[in-house]
>>> print(open('target_35.pdb').read())   # PDB, C-alpha atoms, pLDDT in the B column
ATOM      1  CA  MET A  53     -22.049 -21.783  13.650  1.00 53.00           C
ATOM      2  CA  ALA A  54     -21.738 -18.196  12.417  1.00 68.00           C
ATOM      3  CA  LYS A  55     -18.604 -16.895  10.689  1.00 85.00           C
ATOM      4  CA  TYR A  56     -18.490 -13.721  12.750  1.00 90.00           C
ATOM      5  CA  ARG A  57     -19.902 -12.060  15.851  1.00 92.00           C
ATOM      6  CA  LYS A  58     -22.653  -9.534  15.342  1.00 95.00           C
ATOM      7  CA  LEU A  59     -21.601  -7.413  18.349  1.00 92.00           C
ATOM      8  CA  GLY A  60     -25.160  -6.149  18.854  1.00 93.00           C
ATOM      9  CA  ARG A  61     -24.977  -3.757  15.901  1.00 95.00           C
ATOM     10  CA  THR A  62     -26.344  -3.391  12.393  1.00 96.00           C
ATOM     11  CA  SER A  63     -24.032  -4.502   9.595  1.00 95.00           C
ATOM     12  CA  SER A  64     -22.951  -0.963   8.644  1.00 97.00           C
ATOM     13  CA  GLN A  65     -22.251  -0.012  12.276  1.00 97.00           C
ATOM     14  CA  ARG A  66     -20.318  -3.251  12.828  1.00 97.00           C
ATOM     15  CA  LYS A  67     -18.189  -2.747   9.705  1.00 97.00           C
ATOM     16  CA  ALA A  68     -17.414   0.848  10.686  1.00 97.00           C
ATOM     17  CA  LEU A  69     -16.488  -0.208  14.240  1.00 97.00           C
ATOM     18  CA  LEU A  70     -14.175  -2.967  13.036  1.00 97.00           C
ATOM     19  CA  ARG A  71     -12.546  -0.739  10.395  1.00 97.00           C
ATOM     20  CA  ASN A  72     -11.927   1.929  13.021  1.00 97.00           C
ATOM     21  CA  GLN A  73     -10.477  -0.459  15.577  1.00 97.00           C
ATOM     22  CA  VAL A  74      -8.265  -2.269  13.051  1.00 97.00           C
ATOM     23  CA  THR A  75      -6.911   1.069  11.779  1.00 97.00           C
ATOM     24  CA  THR A  76      -6.260   2.256  15.332  1.00 97.00           C
ATOM     25  CA  LEU A  77      -4.563  -1.014  16.302  1.00 97.00           C
ATOM     26  CA  LEU A  78      -2.204  -0.874  13.324  1.00 96.00           C
ATOM     27  CA  TYR A  79      -1.428   2.809  13.904  1.00 96.00           C
ATOM     28  CA  HIS A  80      -0.853   2.678  17.690  1.00 95.00           C
ATOM     29  CA  GLY A  81       0.221  -0.955  18.090  1.00 95.00           C
ATOM     30  CA  LYS A  82      -2.252  -1.724  20.885  1.00 96.00           C
ATOM     31  CA  ILE A  83      -5.800  -0.881  21.998  1.00 97.00           C
ATOM     32  CA  VAL A  84      -8.115  -1.717  24.895  1.00 97.00           C
ATOM     33  CA  THR A  85     -11.521  -3.143  23.959  1.00 97.00           C
ATOM     34  CA  THR A  86     -13.942  -5.918  24.879  1.00 96.00           C
ATOM     35  CA  GLU A  87     -13.056  -9.566  24.399  1.00 96.00           C
ATOM     36  CA  ALA A  88     -15.619 -10.234  21.651  1.00 96.00           C
ATOM     37  CA  LYS A  89     -14.498  -7.201  19.624  1.00 97.00           C
ATOM     38  CA  ALA A  90     -10.833  -8.125  20.106  1.00 97.00           C
ATOM     39  CA  LYS A  91     -11.376 -11.617  18.707  1.00 96.00           C
ATOM     40  CA  GLU A  92     -13.046 -10.175  15.602  1.00 97.00           C
ATOM     41  CA  ILE A  93     -10.321  -7.543  15.189  1.00 97.00           C
ATOM     42  CA  GLN A  94      -7.661 -10.230  15.543  1.00 97.00           C
ATOM     43  CA  LYS A  95      -9.027 -12.203  12.571  1.00 96.00           C
ATOM     44  CA  ILE A  96      -8.984  -9.161  10.321  1.00 96.00           C
ATOM     45  CA  VAL A  97      -5.587  -7.791  11.396  1.00 97.00           C
ATOM     46  CA  GLU A  98      -3.828 -11.130  11.053  1.00 96.00           C
ATOM     47  CA  GLY A  99      -5.162 -11.494   7.514  1.00 96.00           C
ATOM     48  CA  TYR A 100      -3.881  -8.069   6.468  1.00 97.00           C
ATOM     49  CA  ILE A 101      -0.491  -8.577   8.120  1.00 97.00           C
ATOM     50  CA  ALA A 102      -0.124 -11.958   6.391  1.00 96.00           C
ATOM     51  CA  LEU A 103      -0.954 -10.258   3.086  1.00 96.00           C
ATOM     52  CA  ALA A 104       1.638  -7.533   3.736  1.00 96.00           C
ATOM     53  CA  VAL A 105       4.299 -10.102   4.672  1.00 96.00           C
ATOM     54  CA  LYS A 106       3.605 -12.084   1.493  1.00 95.00           C
ATOM     55  CA  GLU A 107       3.827  -9.005  -0.774  1.00 94.00           C
ATOM     56  CA  LYS A 108       6.581  -7.165   1.142  1.00 92.00           C
ATOM     57  CA  ASP A 109       9.331  -7.492  -1.512  1.00 92.00           C
ATOM     58  CA  ASN A 110       7.094  -7.635  -4.573  1.00 91.00           C
ATOM     59  CA  PHE A 111       8.119  -4.378  -6.261  1.00 92.00           C
ATOM     60  CA  GLU A 112      10.722  -3.067  -8.679  1.00 94.00           C
ATOM     61  CA  MET A 113      12.761   0.117  -8.552  1.00 94.00           C
ATOM     62  CA  VAL A 114      12.169   2.369 -11.557  1.00 95.00           C
ATOM     63  CA  LYS A 115      13.999   5.549 -12.552  1.00 95.00           C
ATOM     64  CA  VAL A 116      11.729   8.382 -13.626  1.00 94.00           C
ATOM     65  CA  THR A 117      12.358  11.991 -14.574  1.00 94.00           C
ATOM     66  CA  ALA A 118      10.144  14.533 -12.913  1.00 91.00           C
ATOM     67  CA  LYS A 119       9.719  18.257 -13.344  1.00 92.00           C
ATOM     68  CA  VAL A 120      10.273  20.000 -10.029  1.00 90.00           C
ATOM     69  CA  PRO A 121       9.725  23.744  -9.559  1.00 91.00           C
ATOM     70  CA  ARG A 122      12.901  25.677  -8.743  1.00 90.00           C
ATOM     71  CA  LYS A 123      12.682  27.379  -5.345  1.00 89.00           C
ATOM     72  CA  ASP A 124      14.524  30.244  -3.643  1.00 88.00           C
ATOM     73  CA  LYS A 125      16.015  30.229  -0.124  1.00 86.00           C
ATOM     74  CA  ASP A 126      12.570  30.919   1.442  1.00 84.00           C
ATOM     75  CA  GLY A 127      10.999  27.930  -0.331  1.00 83.00           C
ATOM     76  CA  LYS A 128       8.964  30.015  -2.782  1.00 87.00           C
ATOM     77  CA  ARG A 129       8.808  29.202  -6.480  1.00 89.00           C
ATOM     78  CA  ILE A 130      11.061  31.198  -8.821  1.00 88.00           C
ATOM     79  CA  LYS A 131       9.169  32.832 -11.673  1.00 89.00           C
ATOM     80  CA  GLU A 132      10.444  34.154 -15.005  1.00 88.00           C
ATOM     81  CA  GLU A 133       8.704  36.455 -17.401  1.00 87.00           C
ATOM     82  CA  LYS A 134       7.942  34.940 -20.819  1.00 86.00           C
ATOM     83  CA  ASP A 135       5.742  36.701 -23.382  1.00 85.00           C
ATOM     84  CA  GLY A 136       4.513  39.138 -20.733  1.00 85.00           C
ATOM     85  CA  LYS A 137       3.420  36.355 -18.340  1.00 88.00           C
ATOM     86  CA  LYS A 138       5.088  35.123 -15.171  1.00 88.00           C
ATOM     87  CA  VAL A 139       5.917  31.435 -15.536  1.00 89.00           C
ATOM     88  CA  THR A 140       7.360  29.072 -12.927  1.00 90.00           C
ATOM     89  CA  VAL A 141      10.824  27.698 -13.718  1.00 88.00           C
ATOM     90  CA  PHE A 142      11.090  23.882 -13.616  1.00 90.00           C
ATOM     91  CA  ASP A 143      14.133  21.622 -13.284  1.00 91.00           C
ATOM     92  CA  GLU A 144      14.261  18.013 -14.501  1.00 92.00           C
ATOM     93  CA  VAL A 145      15.175  15.625 -11.683  1.00 92.00           C
ATOM     94  CA  GLU A 146      15.753  11.874 -11.886  1.00 93.00           C
ATOM     95  CA  LYS A 147      14.125   9.939  -9.072  1.00 91.00           C
ATOM     96  CA  GLU A 148      14.072   6.274  -8.199  1.00 94.00           C
ATOM     97  CA  ILE A 149      10.651   5.048  -7.095  1.00 91.00           C
ATOM     98  CA  LYS A 150       9.106   1.745  -6.048  1.00 91.00           C
ATOM     99  CA  LYS A 151       6.707   0.374  -8.644  1.00 93.00           C
ATOM    100  CA  ASP A 152       4.350  -2.263  -7.262  1.00 93.00           C
ATOM    101  CA  LEU A 153       3.979  -5.469  -9.229  1.00 94.00           C
ATOM    102  CA  PRO A 154       0.359  -6.502  -9.913  1.00 96.00           C
ATOM    103  CA  SER A 155      -0.194  -8.727  -6.866  1.00 96.00           C
ATOM    104  CA  ARG A 156       1.261  -6.126  -4.460  1.00 95.00           C
ATOM    105  CA  LEU A 157      -0.822  -3.413  -6.095  1.00 96.00           C
ATOM    106  CA  HIS A 158      -3.924  -5.535  -5.530  1.00 96.00           C
ATOM    107  CA  ALA A 159      -2.955  -6.052  -1.882  1.00 96.00           C
ATOM    108  CA  ARG A 160      -2.369  -2.299  -1.479  1.00 96.00           C
ATOM    109  CA  ARG A 161      -5.819  -1.537  -2.915  1.00 97.00           C
ATOM    110  CA  GLN A 162      -7.465  -4.118  -0.650  1.00 96.00           C
ATOM    111  CA  MET A 163      -5.893  -2.408   2.364  1.00 96.00           C
ATOM    112  CA  LEU A 164      -6.791   1.084   1.142  1.00 96.00           C
ATOM    113  CA  LYS A 165     -10.388  -0.084   0.756  1.00 97.00           C
ATOM    114  CA  PHE A 166     -10.533  -1.185   4.401  1.00 97.00           C
ATOM    115  CA  PHE A 167      -8.312   1.176   6.438  1.00 96.00           C
ATOM    116  CA  TYR A 168      -9.549   4.623   7.400  1.00 96.00           C
ATOM    117  CA  PRO A 169      -7.254   7.566   6.592  1.00 95.00           C
ATOM    118  CA  VAL A 170      -5.097   8.539   9.594  1.00 94.00           C
ATOM    119  CA  THR A 171      -4.241  12.163  10.356  1.00 91.00           C
ATOM    120  CA  GLU A 172      -1.537  12.920  12.890  1.00 87.00           C
ATOM    121  CA  VAL A 173      -2.261  16.044  14.938  1.00 81.00           C
ATOM    122  CA  PRO A 174       0.523  17.741  16.937  1.00 77.00           C
ATOM    123  CA  THR A 175       0.131  17.881  20.715  1.00 75.00           C
ATOM    124  CA  GLU A 176       0.950  21.597  21.059  1.00 74.00           C
ATOM    125  CA  ILE A 177      -2.056  23.890  20.795  1.00 68.00           C
ATOM    126  CA  ALA A 178      -0.189  26.499  18.709  1.00 62.00           C
ATOM    127  CA  GLY A 179      -0.102  24.786  15.332  1.00 61.00           C
ATOM    128  CA  LYS A 180      -2.802  22.138  15.566  1.00 63.00           C
ATOM    129  CA  LYS A 181      -4.297  22.809  12.147  1.00 71.00           C
ATOM    130  CA  ARG A 182      -1.159  23.861  10.354  1.00 73.00           C
ATOM    131  CA  ASN A 183       1.116  20.958  11.268  1.00 75.00           C
ATOM    132  CA  THR A 184      -1.271  18.048  10.710  1.00 83.00           C
ATOM    133  CA  LYS A 185      -0.049  15.325   8.378  1.00 86.00           C
ATOM    134  CA  GLN A 186      -1.590  12.322   6.674  1.00 92.00           C
ATOM    135  CA  ILE A 187      -0.096   8.950   7.676  1.00 93.00           C
ATOM    136  CA  ASP A 188       0.137   6.342   4.901  1.00 94.00           C
ATOM    137  CA  LEU A 189      -0.920   3.259   6.853  1.00 96.00           C
ATOM    138  CA  VAL A 190      -0.502   0.936   3.872  1.00 96.00           C
ATOM    139  CA  ALA A 191       3.129   2.048   3.413  1.00 95.00           C
ATOM    140  CA  LYS A 192       3.629   1.494   7.154  1.00 95.00           C
ATOM    141  CA  MET A 193       2.258  -2.038   6.736  1.00 95.00           C
ATOM    142  CA  PHE A 194       4.711  -2.885   3.942  1.00 95.00           C
ATOM    143  CA  ASP A 195       7.760  -0.981   5.269  1.00 94.00           C
ATOM    144  CA  GLU A 196       7.564  -1.324   9.074  1.00 95.00           C
ATOM    145  CA  ILE A 197       5.099  -4.001  10.194  1.00 95.00           C
ATOM    146  CA  ALA A 198       5.689  -6.703   7.537  1.00 95.00           C
ATOM    147  CA  PRO A 199       9.516  -6.899   7.962  1.00 95.00           C
ATOM    148  CA  LYS A 200       9.051  -7.577  11.707  1.00 95.00           C
ATOM    149  CA  TYR A 201       6.951 -10.668  10.982  1.00 96.00           C
ATOM    150  CA  VAL A 202       8.814 -12.236   8.029  1.00 95.00           C
ATOM    151  CA  ASP A 203      10.073 -15.207  10.075  1.00 94.00           C
ATOM    152  CA  ARG A 204       6.747 -15.702  11.878  1.00 92.00           C
ATOM    153  CA  LYS A 205       4.145 -18.121  10.573  1.00 92.00           C
ATOM    154  CA  GLY A 206       1.105 -16.392  12.094  1.00 90.00           C
ATOM    155  CA  GLY A 207       0.072 -15.198  15.519  1.00 94.00           C
ATOM    156  CA  TYR A 208       0.884 -11.548  14.881  1.00 96.00           C
ATOM    157  CA  THR A 209      -1.388 -10.263  17.670  1.00 96.00           C
ATOM    158  CA  ARG A 210      -1.751 -11.014  21.368  1.00 97.00           C
ATOM    159  CA  ILE A 211      -4.872 -10.670  23.546  1.00 97.00           C
ATOM    160  CA  VAL A 212      -4.259 -10.027  27.263  1.00 98.00           C
ATOM    161  CA  LYS A 213      -7.235 -10.017  29.645  1.00 97.00           C
ATOM    162  CA  ILE A 214      -7.408  -6.956  31.895  1.00 96.00           C
ATOM    163  CA  GLY A 215     -10.577  -7.639  33.864  1.00 95.00           C
ATOM    164  CA  PRO A 216     -14.259  -6.708  33.921  1.00 96.00           C
ATOM    165  CA  ARG A 217     -15.274  -3.179  32.934  1.00 93.00           C
ATOM    166  CA  LYS A 218     -16.754  -1.112  35.742  1.00 92.00           C
ATOM    167  CA  GLY A 219     -20.018  -0.074  34.039  1.00 91.00           C
ATOM    168  CA  ASP A 220     -21.370  -3.300  32.564  1.00 94.00           C
ATOM    169  CA  ALA A 221     -18.852  -5.955  33.712  1.00 94.00           C
ATOM    170  CA  ALA A 222     -17.858  -6.772  30.121  1.00 94.00           C
ATOM    171  CA  MET A 223     -14.443  -8.465  29.988  1.00 95.00           C
ATOM    172  CA  GLU A 224     -11.882  -5.901  28.858  1.00 97.00           C
ATOM    173  CA  VAL A 225      -8.749  -6.965  27.012  1.00 98.00           C
ATOM    174  CA  LEU A 226      -5.612  -5.415  25.587  1.00 98.00           C
ATOM    175  CA  ILE A 227      -4.973  -6.449  21.978  1.00 98.00           C
ATOM    176  CA  GLU A 228      -1.490  -5.652  20.722  1.00 97.00           C
ATOM    177  CA  LEU A 229       0.875  -6.454  17.898  1.00 96.00           C
ATOM    178  CA  VAL A 230       3.450  -9.014  19.075  1.00 91.00           C
TER     179      VAL A 230
END
>>> encode(input="target_35.pdb", output="structure tokens")
Amino acid sequence: MAKYRKLGRTSSQRKALLRNQVTTLLYHGKIVTTEAKAKEIQKIVEGYIALAVKEKDNFEMVKVTAKVPRKDKDGKRIKEEKDGKKVTVFDEVEKEIKKDLPSRLHARRQMLKFFYPVTEVPTEIAGKKRNTKQIDLVAKMFDEIAPKYVDRKGGYTRIVKIGPRKGDAAMEVLIELV
């Protein structure tokens, strides 16, 4: 018996399809797809969620000092003149950041290798290009998704059958995070 379904595609097409659907499922929380694809997606997603749950608290808080440019009321950098050149003025700020321990860092890199980057686009037409922002899906996995499933021992997704698709009668399902 095979370890995975081929889904009628070449290996590169299949990997791209699964990466896309897993990324979309984790971003939106649910997607509609065929039954065979959903079962493959479920295997992958449950593995990554289990990894995130395991490494959820595996970090340490570290204090660092950072140079931050001083800004005026409009948000523009303040510049001073030194030796005939305009130089930006910096302030030293102490920040507390999360530093991943080695196993969590490895888990983060495994997820970054698989998930596609997600860009959130505003719905209004006016500022579609200007107000886009990158979503850190890996941070969402550790900070939002993993804490929901700490007490669960698996079964992080649910497949609900919708019915046959109109065009080719393939069984459509809704796969969602529980």
>>> resolve_selection(input="target_35.pdb", expression="the PyMOL selection byres ((chain A and resi 163-178) around 7)", output="MDAnalysis selection string")
chainID A and resid 71:72 75 159:162 179:180 183:187 190
>>> closest_residue(input="target_35.pdb", among="A:Lys119, A:Arg57, A:Lys108, A:Lys150", to="Lys89 in chain A", atoms="only C-alpha atoms")
A:Arg57
>>> atom_distance(input="target_35.pdb", atom1="CA of Thr85 in chain A", atom2="CA of Lys181 in chain A")
29.4 Å
>>> residues_near_point(input="target_35.pdb", point="(0.9, -6.1, -5.8)", cutoff="12 Å", atoms="only C-alpha atoms", output="PyMOL selection string")
chain A and resi 103-112+150-163+194
>>> resolve_selection(input="target_35.pdb", expression="the PyMOL selection byres ((chain A and resi 59-61) around 12)", output="list in words")
Tyr56, Arg57, Lys58, Thr62, Ser63, Ser64, Gln65, Arg66, Lys67, Ala68, Leu69, Leu70, Thr86, Glu87, Ala88, Lys89, Ala90, Lys91, Glu92 and Ile93 of chain A
>>> resolve_selection(input="target_35.pdb", expression="the PyMOL selection byres ((chain A and resi 79) around 10)", output="list in words")
Gln73, Val74, Thr75, Thr76, Leu77, Leu78, His80, Gly81, Lys82, Ile83, Val170, Ile187, Asp188, Leu189, Lys192 and Met193 of chain A
>>> write_last_selection(input="target_35.pdb", atoms="C-alpha atoms", output="PDB file, in the frame of the given file")
ATOM      1  CA  GLN A  73     -10.477  -0.459  15.577  1.00 97.00           C
ATOM      2  CA  VAL A  74      -8.265  -2.269  13.051  1.00 97.00           C
ATOM      3  CA  THR A  75      -6.911   1.069  11.779  1.00 97.00           C
ATOM      4  CA  THR A  76      -6.260   2.256  15.332  1.00 97.00           C
ATOM      5  CA  LEU A  77      -4.563  -1.014  16.302  1.00 97.00           C
ATOM      6  CA  LEU A  78      -2.204  -0.874  13.324  1.00 96.00           C
ATOM      7  CA  HIS A  80      -0.853   2.678  17.690  1.00 95.00           C
ATOM      8  CA  GLY A  81       0.221  -0.955  18.090  1.00 95.00           C
ATOM      9  CA  LYS A  82      -2.252  -1.724  20.885  1.00 96.00           C
ATOM     10  CA  ILE A  83      -5.800  -0.881  21.998  1.00 97.00           C
ATOM     11  CA  VAL A 170      -5.097   8.539   9.594  1.00 94.00           C
ATOM     12  CA  ILE A 187      -0.096   8.950   7.676  1.00 93.00           C
ATOM     13  CA  ASP A 188       0.137   6.342   4.901  1.00 94.00           C
ATOM     14  CA  LEU A 189      -0.920   3.259   6.853  1.00 96.00           C
ATOM     15  CA  LYS A 192       3.629   1.494   7.154  1.00 95.00           C
ATOM     16  CA  MET A 193       2.258  -2.038   6.736  1.00 95.00           C
TER      17      MET A 193
END
>>> axis_aligned_box(input="target_35.pdb", around="range 212-216 of chain A", padding_each_side="6 Å", output="lines of an AutoDock Vina configuration file")
center_x = -9.3
center_y = -8.4
center_z = 30.6
size_x = 22.0
size_y = 15.3
size_z = 18.7
>>> residues_around(input="target_35.pdb", residues="Thr209 in chain A", least_positions_apart="4", cutoff="6 Å", atoms="all atoms listed in the file", output="short mmCIF file (atom, residue, chain, number, x, y, z; two decimals) with C-alpha atoms, in the coordinates of the input")
data_model
loop_
_atom_site.label_atom_id
_atom_site.label_comp_id
_atom_site.auth_asym_id
_atom_site.auth_seq_id
_atom_site.Cartn_x
_atom_site.Cartn_y
_atom_site.Cartn_z
CA GLU A 228 -1.49 -5.65 20.72
CA LEU A 229 0.88 -6.45 17.90
CA VAL A 230 3.45 -9.01 19.08
#
>>> closest_residue(input="target_35.pdb", among="A:Lys205, A:Lys147, A:Arg129, A:Lys218", to="Val116 in chain A", atoms="all atoms listed in the file")
A:Lys147
>>> atom_distance(input="target_35.pdb", atom1="CA of Gly206 in chain A", atom2="CA of Glu98 in chain A")
7.3 Å
>>> closest_residue(input="target_35.pdb", among="A:Ala221, A:Ala118, A:Val202, A:Val84", to="Ile101 in chain A", atoms="only C-alpha atoms")
A:Val202
>>> atom_distance(input="target_35.pdb", atom1="CA of Glu196 in chain A", atom2="CA of Val97 in chain A")
14.8 Å
>>> closest_residue(input="target_35.pdb", among="A:Asp124, A:Pro199, A:Lys95, A:Ile149", to="Ile211 in chain A", atoms="only C-alpha atoms")
A:Lys95
>>> decode(input="target_35.pdb", residues="range 85-133 of chain A", atoms="C-alpha atoms", output="compact mmCIF listing (two decimals), in the first residue's frame")
# COMPACT_ATOMS: atom_id res chain seq x y z
CA THR A 85 -11.95 20.49 -1.37
CA THR A 86 -12.29 16.91 -2.58
CA GLU A 87 -12.24 13.99 -0.17
CA ALA A 88 -8.92 12.54 -1.37
CA LYS A 89 -7.15 15.91 -1.10
CA ALA A 90 -8.67 16.53 2.34
CA LYS A 91 -7.34 13.24 3.69
CA GLU A 92 -3.83 14.10 2.49
CA ILE A 93 -4.07 17.64 3.88
CA GLN A 94 -5.27 16.26 7.20
CA LYS A 95 -2.14 14.13 7.64
CA ILE A 96 0.15 17.08 7.03
CA VAL A 97 -1.76 19.63 9.12
CA GLU A 98 -2.07 17.35 12.13
CA GLY A 99 1.68 16.73 12.08
CA TYR A 100 2.48 20.45 12.06
CA ILE A 101 -0.07 21.25 14.77
CA ALA A 102 1.33 18.46 16.95
CA LEU A 103 4.81 19.91 16.43
CA ALA A 104 3.60 23.40 17.37
CA VAL A 105 1.84 22.09 20.49
CA LYS A 106 4.99 20.24 21.58
CA GLU A 107 7.25 23.30 21.11
CA LYS A 108 4.73 25.95 22.22
CA ASP A 109 6.50 26.98 25.47
CA ASN A 110 10.05 26.16 24.41
CA PHE A 111 11.53 29.67 24.42
CA GLU A 112 13.19 32.11 26.79
CA MET A 113 12.65 35.83 27.21
CA VAL A 114 15.81 37.86 26.58
CA LYS A 115 16.40 41.57 27.12
CA VAL A 116 18.19 43.30 24.27
CA THR A 117 19.10 46.91 23.58
CA ALA A 118 18.24 48.19 20.15
CA LYS A 119 18.94 51.43 18.36
CA VAL A 120 15.69 53.00 17.22
CA PRO A 121 15.57 56.14 15.07
CA ARG A 122 13.99 59.14 16.80
CA LYS A 123 10.87 60.34 14.98
CA ASP A 124 8.86 63.58 14.94
CA LYS A 125 5.07 63.91 15.28
CA ASP A 126 4.55 63.01 11.58
CA GLY A 127 6.55 59.78 11.93
CA LYS A 128 9.57 61.02 9.97
CA ARG A 129 13.12 60.50 11.17
CA ILE A 130 14.83 63.41 12.94
CA LYS A 131 18.17 64.33 11.39
CA GLU A 132 21.08 66.30 12.86
CA GLU A 133 23.97 67.86 11.05
